[in-house]
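J.: My questions all concern the structure below.
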Protein chains: 2
Amino acid sequence: MQAPLIDNLQYANWSEKVFRQLRGGGVDAVHVTIAYHENFREMVANLEAWNLWFERFPGLIFKGTTAADVRRAQETRRTAVFFGFQTPSPIEDDIGLVEIVHQLGVRFMQLSYNNQSLLATGCYEDEDPGLTRMGRAVVEEMNRVGLVVDMSHSAERSTLEAIDHSTRPIAITHANPDWWHPARRNKSDAVLRALTNAGGMLGFSLYPHHLAGGTNCRLSDFCEMAAEAASRYGAENLGIGSDLCQDQPDSVVAWMRAGRWTKAADYGEGSADAPGFPPMPDWFQDNRDWDNLRDGLRETGFSREETDGLLGGNWLRFYETSFGPA
Amino acid sequence: MQAPLIDNLQYANWSEKVFRQLRGGGVDAVHVTIAYHENFREMVANLEAWNLWFERFPGLIFKGTTAADVRRAQETRRTAVFFGFQTPSPIEDDIGLVEIVHQLGVRFMQLSYNNQSLLATGCYEDEDPGLTRMGRAVVEEMNRVGLVVDMSHSAERSTLEAIDHSTRPIAITHANPDWWHPARRNKSDAVLRALTNAGGMLGFSLYPHHLAGGTNCRLSDFCEMAAEAASRYGAENLGIGSDLCQDQPDSVVAWMRAGRWTKAADYGEGSADAPGFPPMPDWFQDNRDWDNLRDGLRETGFSREETDGLLGGNWLRFYETSFGPA
C-alpha cells in the first residue's frame, strides 16, 4: 500500500473548505489541536463540535484513534482526524481524566504550553524545575493507557526529564532544531538526540516563527535543515507537524498565548509590531501544497523511501505502537 | 454456549466483596447505575472510580459496551459491567453530550427520575405533559448513537410517548406490573403492552417496594406474576433488573430521592416511619441467590428455555441490537 501522508499538527479554523483541501491535498491523517486552555468540560464542548463535523461530512473526515484508521482513510479516500491537547488543562488536577480523555479518543497531550503547568514547565518561563510530582504520575498514567506525551512547547529540563521518565517513546509534534533557527520554541541538539535515541519522533514545523528567515524561508533551506537533522537523528524519527493555523483570525493567536492567565497582552513568538499570525511561506500556504514539500525533499537528496517516511510513514509507525495500552 | 445470567439494574455499594459475589453467583453481566443527580463532570468522576475498580480487579470485572462483551465475560469467567444513568442530569441541557456519554461507554439513560426533567416527567409529579421538545430531540439522538431509552421511573404519558417516538425498542429496566402491586413505580398494562409490542424489554424488579407483600413477598407469588406477565406480553420481552442496592447506607436512598432539588425530606416509596432501604426478600438477599429465582421460575412452569431467557438470554438479544449506531 502507498505510504500515507500525515500532518501531525494543525489548528485550522475548520470548515468544509479546509476538509476538502485536506483530502484534495492527499492528507490521510491529521493530528488536530482540540484544546489550549480549556478545562475538561470546555474541551468536551470542542469534542462535541467535532462530532457534529463528523456527522455532517462523513465523506471527507472521520475520527481516528488507531493506526489502522490511517489505512482506512487511505482506502476510503478520506482524512482521519486525531485529537490532541496543547496544554494539560483539560485533565485539571485529576489523574483519572487521563484515561477518560483517552476513552474519548484523545491521543496526544502536551505536558505544558508556554507557561508552568501542574505537570511541567513551558519554554517562556525563566526557571524550569523539571517534571512536577503530578507530572511524573501523569506520564506513568499516559504510558499505561496510550496517550502520547508531547513536549513541543516545554522547556529544556522538563523535556529531558519527560523523555527519561516515560517508558514509551514521546513526541515533539511541531518544532525545529535550534541550531538552524534559535527560536525559543525550537529544540536543542541535546533534546533532539535524547528524544530520538529513545525512539521518539520530531515533527518539523512550518510555522514561520520556527523557520530560519520566517515567512521568507526558502524551501531548499528548510529541506537542507531536514537533511542535516536526518544525519544527526535518523530520518526514520522525523516527520511533519506543520502547525498550520489556516483561516484563523488573530484573536485566536491571542487566546493561544494569553488564555486566561494574564490580563496583559502576551506576544509569544510575535511582537507588539506583529501580534498576529505570520503569513505562511509561499511554498506551503495550505494543504494543497504538499507536493512542493515532497519535491523539495527529493531534490535535496532524500530517497523516495525516506521522503515517504518523512511525509507520513514514520508517524504511522509511531502511531502503531503508541495509542494502545502498555 | 450456555445462556448468560444478566441483571439489568443494580446500585450496590461496590467493593471486592460484591464483585466476588457477582462472579460467585454466576452473573455474567450487570447494568449498574453510575448517576442519579450528577451533572456531567460529577458523572465523569464516577466513571473514574469505575476505571480504578477495573484496574484493581481485572480478574473479576471489566467494562461492557457490546453484546459480545457478555460472551467474553462467560468465556473468561468474569462479570461485564454496563453503565447507565437514572436521570438525564449528566447530559445537562446539551444534546451533544448524548454521543459523548455513549463514547464513554454509557448504554442506558432514563429520561426522567421521580421528578420533571428537561426531557420527560417522573412518576411522582402531579401532572405529566409528556415528552418535552428537548426530550423528543434527545430520543432521536439516543436512537442514532445507540443509547437505550429507559423509562423505569417516568410517568405514564411520558412513557407512552417515548415508546411511540423512539424508532428503536426501549426498556423499562426495573419495575413490575401495577396489576400485581399498585405501587406508583410499577407500570400499567397499557404501558407494558405498548412497550413489548414495540420490541421493548421489561426487567422485573426485586426491590421490596415494587413487590406485592414487600419484603415478605413469596417467591412463588413473584414467579406467578412473571407467568401472567409472560402470557400477556411474551416471555421473550421479559428479564430481571433486580434494583439490588446492596450494602448501601440509608443516606444513599435519601440522595436518590431528594438529590439537590429539595431541602425537605422526600420519602419516595418509603415513609417517615420507614425512610431507609427496605430489607430484601429472604429468597433474594444478594447475588448468591440467583439459583432460588431459577428454581422458582421452573417450578411455576416456565420451560428451561424460557427461564434462560428471563435470566439473561432476552437481555442479551436486546443488547445485540441496541448498543450500536442506528
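Identifiers in the C-alpha cells: chain A, B, ... in order shown; residue index from 1 per chain; ligand index from 1 in order shown.
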Considering only C-alpha atoms, give me a table of residues in chain B that are at most 9 Å from chain A, with the closest atom pair and distance in Å for each, as CSV.
T.:
```
residue,atom,partner,partner_atom,distance
B:Phe40,CA,A:Arg41,CA,8.0
B:Arg41,CA,A:Arg41,CA,6.9
B:Val44,CA,A:Ile100,CA,7.9
B:Ala45,CA,A:Gly96,CA,7.9
B:Leu47,CA,A:Ile100,CA,8.0
B:Glu48,CA,A:Gly96,CA,5.4
B:Ala49,CA,A:Gly96,CA,8.1
B:Asn51,CA,A:Glu99,CA,8.0
B:Leu52,CA,A:Gly96,CA,8.2
B:Gly96,CA,A:Glu48,CA,5.4
B:Leu97,CA,A:Glu48,CA,7.1
B:Glu99,CA,A:Asn51,CA,8.0
B:Ile100,CA,A:Glu48,CA,7.2
B:Gln103,CA,A:Leu104,CA,6.2
B:Leu104,CA,A:Gln103,CA,6.2
B:Gly105,CA,A:Gln103,CA,8.7
```
J.: Got time to write the residues from that selection, C-alpha atoms, as a short mmCIF file (atom, residue, chain, number, x, y, z; two decimals), in the first residue's frame?
T.:
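Output saved as again_35.cif:
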```cif
data_model
loop_
_atom_site.label_atom_id
_atom_site.label_comp_id
_atom_site.auth_asym_id
_atom_site.auth_seq_id
_atom_site.Cartn_x
_atom_site.Cartn_y
_atom_site.Cartn_z
CA PHE B 40 -21.66 15.81 33.53
CA ARG B 41 -18.43 16.49 35.38
CA VAL B 44 -17.24 11.58 34.92
CA ALA B 45 -15.79 11.36 38.44
CA LEU B 47 -16.59 6.81 35.68
CA GLU B 48 -13.11 7.41 37.02
CA ALA B 49 -13.98 5.46 40.17
CA ASN B 51 -11.92 2.76 35.92
CA LEU B 52 -9.99 2.32 39.16
CA GLY B 96 -24.05 16.84 22.15
CA LEU B 97 -23.37 15.06 25.42
CA GLU B 99 -22.87 10.98 21.87
CA ILE B 100 -20.09 11.86 24.34
CA GLN B 103 -18.41 7.19 23.61
CA LEU B 104 -17.60 6.89 27.32
CA GLY B 105 -19.47 3.58 27.37
#
```
J.: If DSSP is run on the backbone, what residues of range 38-86 of chain A are strand (DSSP E)? A reply as number ranges by chain would be ideal.
T.: A: 61-63, 79-85
J.: Those selected residues, please, written with all heavy atoms and delivered as a short mmCIF file (atom, residue, chain, number, x, y, z; two decimals), in the first residue's frame.
T.:
```cif
data_model
loop_
_atom_site.label_atom_id
_atom_site.label_comp_id
_atom_site.auth_asym_id
_atom_site.auth_seq_id
_atom_site.Cartn_x
_atom_site.Cartn_y
_atom_site.Cartn_z
N ILE A 61 -14.16 13.24 6.30
CA ILE A 61 -13.38 13.06 7.53
C ILE A 61 -14.03 12.04 8.44
O ILE A 61 -15.24 11.78 8.35
CB ILE A 61 -13.27 14.39 8.32
CG1 ILE A 61 -14.67 14.98 8.57
CG2 ILE A 61 -12.36 15.39 7.61
CD1 ILE A 61 -14.68 16.15 9.55
N PHE A 62 -13.24 11.44 9.31
CA PHE A 62 -13.77 10.63 10.41
C PHE A 62 -12.76 10.67 11.55
O PHE A 62 -11.61 11.06 11.36
CB PHE A 62 -14.09 9.19 9.97
CG PHE A 62 -12.89 8.37 9.61
CD1 PHE A 62 -12.28 7.54 10.54
CD2 PHE A 62 -12.35 8.42 8.32
CE1 PHE A 62 -11.18 6.78 10.19
CE2 PHE A 62 -11.24 7.66 7.96
CZ PHE A 62 -10.66 6.83 8.91
N LYS A 63 -13.23 10.27 12.72
CA LYS A 63 -12.38 10.33 13.91
C LYS A 63 -11.38 9.18 13.90
O LYS A 63 -11.77 8.01 13.79
CB LYS A 63 -13.27 10.24 15.15
CG LYS A 63 -12.53 10.30 16.46
CD LYS A 63 -13.54 10.52 17.58
CE LYS A 63 -13.08 9.97 18.89
NZ LYS A 63 -14.09 10.23 19.94
N THR A 79 -9.97 11.70 5.30
CA THR A 79 -8.91 12.09 6.22
C THR A 79 -9.29 11.67 7.64
O THR A 79 -10.37 12.04 8.13
CB THR A 79 -8.67 13.61 6.18
OG1 THR A 79 -8.32 13.99 4.84
CG2 THR A 79 -7.55 14.01 7.13
N ALA A 80 -8.43 10.89 8.28
CA ALA A 80 -8.64 10.52 9.68
C ALA A 80 -8.13 11.64 10.57
O ALA A 80 -7.00 12.10 10.40
CB ALA A 80 -7.91 9.21 10.00
N VAL A 81 -8.97 12.07 11.51
CA VAL A 81 -8.64 13.21 12.37
C VAL A 81 -8.33 12.70 13.78
O VAL A 81 -9.19 12.12 14.44
CB VAL A 81 -9.81 14.21 12.41
CG1 VAL A 81 -9.48 15.38 13.33
CG2 VAL A 81 -10.15 14.69 11.00
N PHE A 82 -7.08 12.92 14.20
CA PHE A 82 -6.63 12.50 15.54
C PHE A 82 -6.59 13.73 16.45
O PHE A 82 -6.18 14.81 16.03
CB PHE A 82 -5.24 11.86 15.46
CG PHE A 82 -5.26 10.53 14.77
CD1 PHE A 82 -5.27 10.44 13.37
CD2 PHE A 82 -5.27 9.35 15.49
CE1 PHE A 82 -5.31 9.22 12.73
CE2 PHE A 82 -5.29 8.11 14.85
CZ PHE A 82 -5.31 8.04 13.46
N PHE A 83 -6.99 13.53 17.70
CA PHE A 83 -7.12 14.66 18.64
C PHE A 83 -5.92 14.79 19.58
O PHE A 83 -5.37 13.79 20.03
CB PHE A 83 -8.36 14.48 19.51
CG PHE A 83 -9.66 14.54 18.78
CD1 PHE A 83 -10.74 13.78 19.22
CD2 PHE A 83 -9.84 15.35 17.67
CE1 PHE A 83 -11.97 13.84 18.58
CE2 PHE A 83 -11.06 15.42 17.02
CZ PHE A 83 -12.13 14.65 17.47
N GLY A 84 -5.60 16.04 19.90
CA GLY A 84 -4.57 16.29 20.91
C GLY A 84 -4.80 17.60 21.64
O GLY A 84 -5.55 18.46 21.17
N PHE A 85 -4.17 17.73 22.81
CA PHE A 85 -4.22 18.96 23.61
C PHE A 85 -2.85 19.62 23.59
O PHE A 85 -1.83 18.94 23.69
CB PHE A 85 -4.49 18.65 25.09
CG PHE A 85 -5.73 17.86 25.38
CD1 PHE A 85 -5.77 17.05 26.52
CD2 PHE A 85 -6.85 17.92 24.57
CE1 PHE A 85 -6.89 16.32 26.83
CE2 PHE A 85 -7.99 17.19 24.88
CZ PHE A 85 -8.01 16.38 26.02
#
```
J.: Quick one: residues within 10 Å of Arg193 in chain B, only C-alpha atoms counted, chain neighbours fewer than 6 positions away excluded, as a list in words?
T.: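 Surrounding residues, per the criterion: Gly199, Gly200, Ala229, Arg232, Tyr233 and Gly234 of chain B.
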J.: What is the distance between CA of Met151 in chain B and CA of Met109 in chain B, in Å to one decimal?
T.: 8.4 Å
J.: With only C-alpha atoms as the atoms that count, which of A:Thr76, A:Asn186, A:Ser231, A:Ser89 lies nearest to Tyr124 in chain A?
T.: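 Using only C-alpha atoms, Tyr124 in chain A sits closest to A:Asn186.
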J.: Which one is closest to Pro90 in chain A: A:Ala35, A:Glu141, A:Gln110, A:Phe323? Count only C-alpha atoms.
T.: A:Ala35
J.: Leaving out Arg317 in chain A and any residue of its chain fewer than 3 positions from it, which residues lie within 12 Å of it when counting only C-alpha atoms, given as a list of chain:residue names?
T.: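 So, after excluding close chain neighbours, the residues are A:Ala3, A:Pro4, A:Ile6, A:Thr66, A:Ala67, A:Ala68, A:Val70, A:Arg71, A:Pro169, A:Gly199, A:Gly200, A:Met201, A:Glu236, A:Asn237, A:Leu238, A:Gly239, A:Asp308, A:Gly309, A:Leu310, A:Leu311, A:Gly312, A:Gly313, A:Asn314, A:Glu320, A:Thr321, A:Ser322, A:Phe323.
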J.: May I have the selected residues written with C-alpha atoms, as a PDB file, in the first residue's frame?
T.:
```pdb
ATOM      1  CA  ALA A   3       2.760   5.417   2.146  1.00  0.00           C
ATOM      2  CA  PRO A   4       0.256   7.679   3.911  1.00  0.00           C
ATOM      3  CA  ILE A   6       0.239  12.530   7.785  1.00  0.00           C
ATOM      4  CA  THR A  66      -5.730   3.810  15.899  1.00  0.00           C
ATOM      5  CA  ALA A  67      -3.028   3.363  13.270  1.00  0.00           C
ATOM      6  CA  ALA A  68      -5.485   1.182  11.343  1.00  0.00           C
ATOM      7  CA  VAL A  70      -4.900   5.811   8.739  1.00  0.00           C
ATOM      8  CA  ARG A  71      -5.104   2.816   6.402  1.00  0.00           C
ATOM      9  CA  PRO A 169       8.720   6.961  23.130  1.00  0.00           C
ATOM     10  CA  GLY A 199      12.577   6.130  19.749  1.00  0.00           C
ATOM     11  CA  GLY A 200      10.692   9.404  19.893  1.00  0.00           C
ATOM     12  CA  MET A 201       9.523  11.496  16.954  1.00  0.00           C
ATOM     13  CA  GLU A 236      13.103   7.421  10.490  1.00  0.00           C
ATOM     14  CA  ASN A 237      12.481   9.563  13.600  1.00  0.00           C
ATOM     15  CA  LEU A 238      11.344  12.617  11.656  1.00  0.00           C
ATOM     16  CA  GLY A 239       8.006  13.755  10.292  1.00  0.00           C
ATOM     17  CA  ASP A 308       7.618   8.720   2.163  1.00  0.00           C
ATOM     18  CA  GLY A 309       8.730   8.206   5.750  1.00  0.00           C
ATOM     19  CA  LEU A 310       9.112  11.929   6.437  1.00  0.00           C
ATOM     20  CA  LEU A 311       5.706  12.701   4.961  1.00  0.00           C
ATOM     21  CA  GLY A 312       3.776  10.095   6.940  1.00  0.00           C
ATOM     22  CA  GLY A 313       5.285   6.623   7.092  1.00  0.00           C
ATOM     23  CA  ASN A 314       7.287   7.443  10.212  1.00  0.00           C
ATOM     24  CA  GLU A 320       1.131   1.701  15.584  1.00  0.00           C
ATOM     25  CA  THR A 321       2.918   1.292  18.903  1.00  0.00           C
ATOM     26  CA  SER A 322       1.774   4.383  20.805  1.00  0.00           C
ATOM     27  CA  PHE A 323      -2.017   4.516  21.006  1.00  0.00           C
TER      28      PHE A 323
END
```
